[in-house]
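Chemist: My structure is in model.cif, and what it holds is mmCIF, C-alpha atoms and all ligand atoms; chains and numbers go by the auth columns:
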data_final
loop_
_atom_site.group_PDB
_atom_site.id
_atom_site.type_symbol
_atom_site.label_atom_id
_atom_site.label_comp_id
_atom_site.label_asym_id
_atom_site.label_seq_id
_atom_site.Cartn_x
_atom_site.Cartn_y
_atom_site.Cartn_z
_atom_site.B_iso_or_equiv
_atom_site.auth_seq_id
_atom_site.auth_asym_id
ATOM 1 C CA MET A 1 -12.033 -125.827 -128.518 0.00 1 A
ATOM 2 C CA GLN A 2 -9.833 -123.297 -130.315 0.00 2 A
ATOM 3 C CA ASP A 3 -12.624 -122.736 -132.845 0.00 3 A
ATOM 4 C CA GLU A 4 -14.918 -121.606 -130.028 0.00 4 A
ATOM 5 C CA ILE A 5 -12.530 -118.913 -128.838 0.00 5 A
ATOM 6 C CA ASP A 6 -12.474 -115.579 -130.645 0.00 6 A
ATOM 7 C CA ALA A 7 -8.819 -115.380 -131.602 0.00 7 A
ATOM 8 C CA ALA A 8 -9.100 -112.396 -133.952 0.00 8 A
ATOM 9 C CA PHE A 9 -6.762 -109.574 -133.001 0.00 9 A
ATOM 10 C CA HIS A 10 -6.847 -105.867 -133.681 0.00 10 A
ATOM 11 C CA MET A 11 -3.821 -103.701 -134.422 0.00 11 A
ATOM 12 C CA GLU A 12 -3.992 -101.374 -131.435 0.00 12 A
ATOM 13 C CA HIS A 13 -2.507 -97.874 -131.299 0.00 13 A
ATOM 14 C CA ILE A 14 -1.096 -97.594 -127.753 0.00 14 A
ATOM 15 C CA VAL A 15 -1.290 -93.809 -128.044 0.00 15 A
ATOM 16 C CA ALA A 16 -4.322 -93.278 -130.251 0.00 16 A
ATOM 17 C CA ARG A 17 -3.966 -91.364 -133.490 0.00 17 A
ATOM 18 C CA GLN A 18 -6.416 -88.854 -131.957 0.00 18 A
ATOM 19 C CA HIS A 19 -3.608 -88.000 -129.500 0.00 19 A
ATOM 20 C CA ARG A 20 -0.943 -87.861 -132.261 0.00 20 A
ATOM 21 C CA GLY A 21 0.135 -91.471 -131.718 0.00 21 A
ATOM 22 C CA PRO A 22 2.411 -92.417 -134.596 0.00 22 A
ATOM 23 C CA MET A 23 1.948 -95.380 -136.917 0.00 23 A
ATOM 24 C CA THR A 24 5.236 -96.907 -135.772 0.00 24 A
ATOM 25 C CA GLU A 25 6.086 -100.328 -134.414 0.00 25 A
ATOM 26 C CA GLU A 26 6.761 -98.833 -130.961 0.00 26 A
ATOM 27 C CA ASN A 27 3.181 -97.533 -130.834 0.00 27 A
ATOM 28 C CA LEU A 28 1.405 -100.616 -132.176 0.00 28 A
ATOM 29 C CA ALA A 29 0.421 -103.800 -130.394 0.00 29 A
ATOM 30 C CA LEU A 30 -1.869 -106.735 -131.050 0.00 30 A
ATOM 31 C CA ALA A 31 -4.956 -106.632 -128.855 0.00 31 A
ATOM 32 C CA CYS A 32 -8.057 -108.785 -128.695 0.00 32 A
ATOM 33 C CA SER A 33 -11.135 -107.011 -129.969 0.00 33 A
ATOM 34 C CA GLY A 34 -12.639 -106.706 -126.476 0.00 34 A
ATOM 35 C CA CYS A 35 -9.556 -105.030 -124.994 0.00 35 A
ATOM 36 C CA ASN A 36 -9.159 -102.726 -127.967 0.00 36 A
ATOM 37 C CA LEU A 37 -12.798 -101.646 -127.920 0.00 37 A
ATOM 38 C CA HIS A 38 -12.766 -101.028 -124.161 0.00 38 A
ATOM 39 C CA LYS A 39 -9.503 -99.080 -124.353 0.00 39 A
ATOM 40 C CA GLY A 40 -10.677 -96.933 -127.236 0.00 40 A
ATOM 41 C CA THR A 41 -8.584 -93.765 -127.355 0.00 41 A
ATOM 42 C CA ASN A 42 -8.018 -93.698 -123.571 0.00 42 A
ATOM 43 C CA LEU A 43 -4.507 -93.049 -122.257 0.00 43 A
ATOM 44 C CA CYS A 44 -5.557 -93.207 -118.591 0.00 44 A
ATOM 45 C CA SER A 45 -8.529 -93.826 -116.353 0.00 45 A
ATOM 46 C CA LEU A 46 -9.427 -93.634 -112.665 0.00 46 A
ATOM 47 C CA ASP A 47 -7.899 -96.226 -110.331 0.00 47 A
ATOM 48 C CA PRO A 48 -10.880 -98.236 -109.032 0.00 48 A
ATOM 49 C CA ASP A 49 -9.357 -98.240 -105.515 0.00 49 A
ATOM 50 C CA THR A 50 -8.317 -94.593 -105.175 0.00 50 A
ATOM 51 C CA ASN A 51 -10.383 -92.814 -107.847 0.00 51 A
ATOM 52 C CA GLN A 52 -7.204 -91.022 -108.914 0.00 52 A
ATOM 53 C CA PRO A 53 -6.184 -90.671 -112.582 0.00 53 A
ATOM 54 C CA VAL A 54 -3.617 -93.291 -113.622 0.00 54 A
ATOM 55 C CA ARG A 55 -2.031 -94.042 -116.979 0.00 55 A
ATOM 56 C CA LEU A 56 -2.772 -97.356 -118.665 0.00 56 A
ATOM 57 C CA PHE A 57 -0.370 -100.281 -119.034 0.00 57 A
ATOM 58 C CA ASP A 58 1.903 -99.838 -122.077 0.00 58 A
ATOM 59 C CA PRO A 59 2.682 -103.260 -123.587 0.00 59 A
ATOM 60 C CA ARG A 60 5.794 -101.824 -125.296 0.00 60 A
ATOM 61 C CA LYS A 61 7.329 -100.149 -122.226 0.00 61 A
ATOM 62 C CA ASP A 62 5.949 -101.971 -119.175 0.00 62 A
ATOM 63 C CA ARG A 63 6.507 -105.548 -118.044 0.00 63 A
ATOM 64 C CA TRP A 64 3.299 -107.550 -117.548 0.00 64 A
ATOM 65 C CA GLU A 65 4.596 -109.264 -114.402 0.00 65 A
ATOM 66 C CA ASP A 66 5.342 -105.904 -112.765 0.00 66 A
ATOM 67 C CA HIS A 67 1.673 -104.878 -112.928 0.00 67 A
ATOM 68 C CA PHE A 68 -0.451 -108.053 -112.977 0.00 68 A
ATOM 69 C CA ARG A 69 -0.673 -111.505 -111.560 0.00 69 A
ATOM 70 C CA ARG A 70 -2.998 -114.352 -112.401 0.00 70 A
ATOM 71 C CA ASP A 71 -5.217 -116.014 -109.804 0.00 71 A
ATOM 72 C CA GLY A 72 -6.793 -118.959 -111.614 0.00 72 A
ATOM 73 C CA ALA A 73 -8.647 -117.434 -114.544 0.00 73 A
ATOM 74 C CA ARG A 74 -8.601 -113.947 -112.985 0.00 74 A
ATOM 75 C CA ILE A 75 -6.013 -111.294 -113.890 0.00 75 A
ATOM 76 C CA LEU A 76 -5.400 -109.034 -110.910 0.00 76 A
ATOM 77 C CA GLY A 77 -3.762 -105.621 -111.058 0.00 77 A
ATOM 78 C CA ILE A 78 -1.006 -105.375 -108.435 0.00 78 A
ATOM 79 C CA THR A 79 -0.169 -101.708 -109.089 0.00 79 A
ATOM 80 C CA ASP A 80 -2.287 -98.655 -109.797 0.00 80 A
ATOM 81 C CA VAL A 81 -1.471 -99.083 -113.500 0.00 81 A
ATOM 82 C CA GLY A 82 -2.454 -102.766 -113.375 0.00 82 A
ATOM 83 C CA ARG A 83 -5.698 -102.174 -111.447 0.00 83 A
ATOM 84 C CA THR A 84 -6.759 -99.327 -113.699 0.00 84 A
ATOM 85 C CA THR A 85 -5.970 -101.207 -116.912 0.00 85 A
ATOM 86 C CA ALA A 86 -7.659 -104.428 -115.727 0.00 86 A
ATOM 87 C CA TRP A 87 -10.749 -102.451 -114.753 0.00 87 A
ATOM 88 C CA LEU A 88 -11.013 -100.285 -117.895 0.00 88 A
ATOM 89 C CA LEU A 89 -10.368 -103.162 -120.305 0.00 89 A
ATOM 90 C CA GLN A 90 -12.647 -105.456 -118.243 0.00 90 A
ATOM 91 C CA PHE A 91 -10.078 -108.247 -118.043 0.00 91 A
ATOM 92 C CA ASN A 92 -12.341 -110.187 -115.681 0.00 92 A
ATOM 93 C CA SER A 93 -15.698 -109.831 -117.415 0.00 93 A
ATOM 94 C CA ASP A 94 -17.843 -112.955 -117.353 0.00 94 A
ATOM 95 C CA LEU A 95 -17.006 -113.663 -121.004 0.00 95 A
ATOM 96 C CA ASN A 96 -13.267 -113.181 -120.509 0.00 96 A
ATOM 97 C CA LEU A 97 -13.291 -115.435 -117.441 0.00 97 A
ATOM 98 C CA LEU A 98 -15.140 -118.149 -119.362 0.00 98 A
ATOM 99 C CA GLN A 99 -12.720 -117.953 -122.295 0.00 99 A
ATOM 100 C CA ARG A 100 -9.656 -117.903 -120.014 0.00 100 A
ATOM 101 C CA GLN A 101 -10.985 -120.839 -118.011 0.00 101 A
ATOM 102 C CA ALA A 102 -11.525 -122.807 -121.238 0.00 102 A
ATOM 103 C CA ILE A 103 -7.934 -122.082 -122.313 0.00 103 A
ATOM 104 C CA LEU A 104 -6.585 -123.159 -118.912 0.00 104 A
ATOM 105 C CA GLU A 105 -8.623 -126.363 -118.985 0.00 105 A
ATOM 106 C CA LYS A 106 -7.410 -127.161 -122.507 0.00 106 A
ATOM 107 C CA ARG A 107 -3.808 -126.575 -121.456 0.00 107 A
ATOM 108 C CA ALA A 108 -4.287 -128.910 -118.493 0.00 108 A
ATOM 109 C CA LEU A 109 -5.364 -131.646 -120.924 0.00 109 A
ATOM 110 C CA ASP A 110 -2.420 -131.144 -123.333 0.00 110 A
HETATM 111 ZN ZN ZN B . -7.968 -108.748 -124.429 0.00 201 A
#
Written as C-alpha cells, that's how I'd like the structure from this file.
Ligand SMILES: [Zn+2]

Modeler:
Amino acid sequence: MQDEIDAAFHMEHIVARQHRGPMTEENLALACSGCNLHKGTNLCSLDPDTNQPVRLFDPRKDRWEDHFRRDGARILGITDVGRTTAWLLQFNSDLNLLQRQAILEKRALD
C-alpha cells in the first residue's frame, strides 16, 4: 500500500523567497507536493466562510490541533486560519481524501 501513496516531500519555504523568506530552519518545512504547489508563494488567502483575508497556518509557529480537527478522512479548519489553509491547499480534494482513507484503513489493519 505504501508504494501506492506519493510520499515524496518538498522543502517548503513558509515565507517564500519572493517575500524575503530566509533559507533558515525556522522558515523551512516538509510539505507534500500537492500542498506545496497549492500554497505557492501565498502568505494568506480569503477565508471561504467570510471572504476576509486571513494568514495561512505556519507549521513552525502554530499548533495543528489549535486550527484543525480530523473527521474521518476529512481535515476541517476550526479557525479562520485553519479554514483558509485547508481550502487553499485543498486538504480535502478527492485525491487527498482517497489517500488519507487508504492510510487510515492500513493503520486499522496494523
Ligand atoms: Zn499535503

Chemist: If you count only C-alpha atoms and all ligand atoms, which residues end up within 7 Å of ligand ZN 201 (chain A), as an NGL selection string?

Modeler: :A and (31-35 or 91)

Chemist: So that I can check the surroundings of Asp66 of chain A, please list as a PDB file with C-alpha atoms, in the coordinates of the input every protein, DNA and RNA residue that reaches within 8 Å of it, counting only C-alpha atoms and ignoring chain neighbours fewer than 2 positions away.

Modeler:
ATOM      1  CA  ASP A  62       5.949-101.971-119.175  1.00  0.00           C
ATOM      2  CA  ARG A  63       6.507-105.548-118.044  1.00  0.00           C
ATOM      3  CA  TRP A  64       3.299-107.550-117.548  1.00  0.00           C
ATOM      4  CA  PHE A  68      -0.451-108.053-112.977  1.00  0.00           C
ATOM      5  CA  ILE A  78      -1.006-105.375-108.435  1.00  0.00           C
ATOM      6  CA  THR A  79      -0.169-101.708-109.089  1.00  0.00           C
TER       7      THR A  79
END

Chemist: Would you list the residues near (1.8, -97.5, -110.0) (no more than 9 Å away, in the coordinates of the file, using only C-alpha atoms) as a ChimeraX atom specification?

Modeler: /A:54-55,67,78-83

Chemist: Report, in Å with one decimal, the straight-line distance from atom CA of Thr50 of chain A to atom CA of Thr85 of chain A.

Modeler: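 Going from atom CA of Thr50 of chain A over to atom CA of Thr85 of chain A, I get 13.7 Å.
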
Chemist: Using the chain letters and residue numbers of this document, give as a ChimeraX atom specification the residues selected by the PyMOL selection byres (((chain A and resi 26) around 12) and not hetatm).

Modeler: /A:12-15,21-25,27-30,58-61

Chemist: Suppose you want the space between atom CA of Arg100 of chain A and atom CA of Gly72 of chain A; what is it in Å?

Modeler: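 Computed distance, atom CA of Arg100 of chain A to atom CA of Gly72 of chain A, equals 8.9 Å.
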
Chemist: Could you please determine the separation between atom CA of Leu88 of chain A and atom CA of Gln18 of chain A in Å, to one decimal place?

Modeler: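 Result for atom CA of Leu88 of chain A versus atom CA of Gln18 of chain A: 18.7 Å, one decimal.
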
Chemist: Counting only C-alpha atoms, select every polymer residue within 10 Å of (-12.6, -119.5, -112.2) as defined in the file's coordinates, and provide the selection as a ChimeraX atom specification.

Modeler: /A:71-74,92,94,97-98,100-102,104

Chemist: Which residue gives the smallest distance to Asp47 of chain A among A:Ala16, A:Met11, A:Thr84, A:Arg69, with all atoms listed in the file counted?

Modeler: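 Looking only at the distances to Asp47 of chain A, the closest residue turns out to be A:Thr84.
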
Chemist: Enumerate, as a list of chain:residue names, the residues matched when the PyMOL selection byres (((chain A and resi 44) around 7) and not hetatm) is run on the file above.

Modeler: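 When the PyMOL selection byres (((chain A and resi 44) around 7) and not hetatm) is applied to the shown file, the picked residues are A:Asn42, A:Leu43, A:Ser45, A:Pro53, A:Val54, A:Arg55, A:Leu56.
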
Chemist: Kindly complete segment 30-58 of chain A to N, CA and C atoms; the output should be written as an mmCIF file, keeping the file's coordinate frame.

Modeler:
data_model
loop_
_atom_site.group_PDB
_atom_site.id
_atom_site.type_symbol
_atom_site.label_atom_id
_atom_site.label_comp_id
_atom_site.auth_asym_id
_atom_site.auth_seq_id
_atom_site.Cartn_x
_atom_site.Cartn_y
_atom_site.Cartn_z
ATOM 1 N N LEU A 30 -0.701 -105.906 -130.786
ATOM 2 C CA LEU A 30 -1.869 -106.735 -131.050
ATOM 3 C C LEU A 30 -2.730 -106.751 -129.802
ATOM 4 N N ALA A 31 -4.023 -106.589 -129.981
ATOM 5 C CA ALA A 31 -4.956 -106.632 -128.855
ATOM 6 C C ALA A 31 -6.188 -107.405 -129.293
ATOM 7 N N CYS A 32 -6.792 -108.130 -128.358
ATOM 8 C CA CYS A 32 -8.057 -108.785 -128.695
ATOM 9 C C CYS A 32 -9.100 -107.685 -128.915
ATOM 10 N N SER A 33 -10.140 -108.030 -129.629
ATOM 11 C CA SER A 33 -11.135 -107.011 -129.969
ATOM 12 C C SER A 33 -11.765 -106.412 -128.716
ATOM 13 N N GLY A 34 -12.021 -107.223 -127.697
ATOM 14 C CA GLY A 34 -12.639 -106.706 -126.476
ATOM 15 C C GLY A 34 -11.762 -105.670 -125.800
ATOM 16 N N CYS A 35 -10.471 -105.981 -125.635
ATOM 17 C CA CYS A 35 -9.556 -105.030 -124.994
ATOM 18 C C CYS A 35 -9.460 -103.750 -125.819
ATOM 19 N N ASN A 36 -9.331 -103.905 -127.123
ATOM 20 C CA ASN A 36 -9.159 -102.726 -127.967
ATOM 21 C C ASN A 36 -10.399 -101.842 -127.917
ATOM 22 N N LEU A 37 -11.571 -102.447 -127.940
ATOM 23 C CA LEU A 37 -12.798 -101.646 -127.920
ATOM 24 C C LEU A 37 -13.003 -100.979 -126.562
ATOM 25 N N HIS A 38 -12.629 -101.655 -125.473
ATOM 26 C CA HIS A 38 -12.766 -101.028 -124.161
ATOM 27 C C HIS A 38 -11.732 -99.925 -123.962
ATOM 28 N N LYS A 39 -10.537 -100.112 -124.500
ATOM 29 C CA LYS A 39 -9.503 -99.080 -124.353
ATOM 30 C C LYS A 39 -9.866 -97.844 -125.158
ATOM 31 N N GLY A 40 -10.354 -98.063 -126.379
ATOM 32 C CA GLY A 40 -10.677 -96.933 -127.236
ATOM 33 C C GLY A 40 -9.474 -96.021 -127.391
ATOM 34 N N THR A 41 -9.683 -94.723 -127.226
ATOM 35 C CA THR A 41 -8.584 -93.765 -127.355
ATOM 36 C C THR A 41 -8.026 -93.368 -125.988
ATOM 37 N N ASN A 42 -8.446 -94.068 -124.925
ATOM 38 C CA ASN A 42 -8.018 -93.698 -123.571
ATOM 39 C C ASN A 42 -6.515 -93.884 -123.380
ATOM 40 N N LEU A 43 -5.909 -92.942 -122.676
ATOM 41 C CA LEU A 43 -4.507 -93.049 -122.257
ATOM 42 C C LEU A 43 -4.422 -93.317 -120.763
ATOM 43 N N CYS A 44 -5.513 -93.009 -120.037
ATOM 44 C CA CYS A 44 -5.557 -93.207 -118.591
ATOM 45 C C CYS A 44 -7.013 -93.410 -118.187
ATOM 46 N N SER A 45 -7.193 -93.747 -116.927
ATOM 47 C CA SER A 45 -8.529 -93.826 -116.353
ATOM 48 C C SER A 45 -8.392 -93.594 -114.853
ATOM 49 N N LEU A 46 -9.466 -93.823 -114.114
ATOM 50 C CA LEU A 46 -9.427 -93.634 -112.665
ATOM 51 C C LEU A 46 -9.179 -94.983 -111.993
ATOM 52 N N ASP A 47 -8.190 -95.021 -111.105
ATOM 53 C CA ASP A 47 -7.899 -96.226 -110.331
ATOM 54 C C ASP A 47 -9.164 -96.615 -109.563
ATOM 55 N N PRO A 48 -9.647 -97.849 -109.721
ATOM 56 C CA PRO A 48 -10.880 -98.236 -109.032
ATOM 57 C C PRO A 48 -10.757 -98.220 -107.511
ATOM 58 N N ASP A 49 -9.536 -98.263 -106.970
ATOM 59 C CA ASP A 49 -9.357 -98.240 -105.515
ATOM 60 C C ASP A 49 -9.249 -96.823 -104.964
ATOM 61 N N THR A 50 -8.595 -95.930 -105.706
ATOM 62 C CA THR A 50 -8.317 -94.593 -105.175
ATOM 63 C C THR A 50 -9.085 -93.479 -105.878
ATOM 64 N N ASN A 51 -9.670 -93.797 -107.035
ATOM 65 C CA ASN A 51 -10.383 -92.814 -107.847
ATOM 66 C C ASN A 51 -9.463 -91.710 -108.368
ATOM 67 N N GLN A 52 -8.168 -91.989 -108.387
ATOM 68 C CA GLN A 52 -7.204 -91.022 -108.914
ATOM 69 C C GLN A 52 -6.851 -91.377 -110.363
ATOM 70 N N PRO A 53 -6.553 -90.372 -111.195
ATOM 71 C CA PRO A 53 -6.184 -90.671 -112.582
ATOM 72 C C PRO A 53 -4.851 -91.418 -112.649
ATOM 73 N N VAL A 54 -4.806 -92.442 -113.466
ATOM 74 C CA VAL A 54 -3.617 -93.291 -113.622
ATOM 75 C C VAL A 54 -3.488 -93.652 -115.096
ATOM 76 N N ARG A 55 -2.263 -93.633 -115.587
ATOM 77 C CA ARG A 55 -2.031 -94.042 -116.979
ATOM 78 C C ARG A 55 -2.333 -95.528 -117.127
ATOM 79 N N LEU A 56 -2.525 -95.945 -118.383
ATOM 80 C CA LEU A 56 -2.772 -97.356 -118.665
ATOM 81 C C LEU A 56 -1.454 -98.096 -118.904
ATOM 82 N N PHE A 57 -1.502 -99.403 -118.742
ATOM 83 C CA PHE A 57 -0.370 -100.281 -119.034
ATOM 84 C C PHE A 57 0.045 -100.089 -120.491
ATOM 85 N N ASP A 58 1.352 -99.971 -120.726
ATOM 86 C CA ASP A 58 1.903 -99.838 -122.077
ATOM 87 C C ASP A 58 2.625 -101.141 -122.402
#
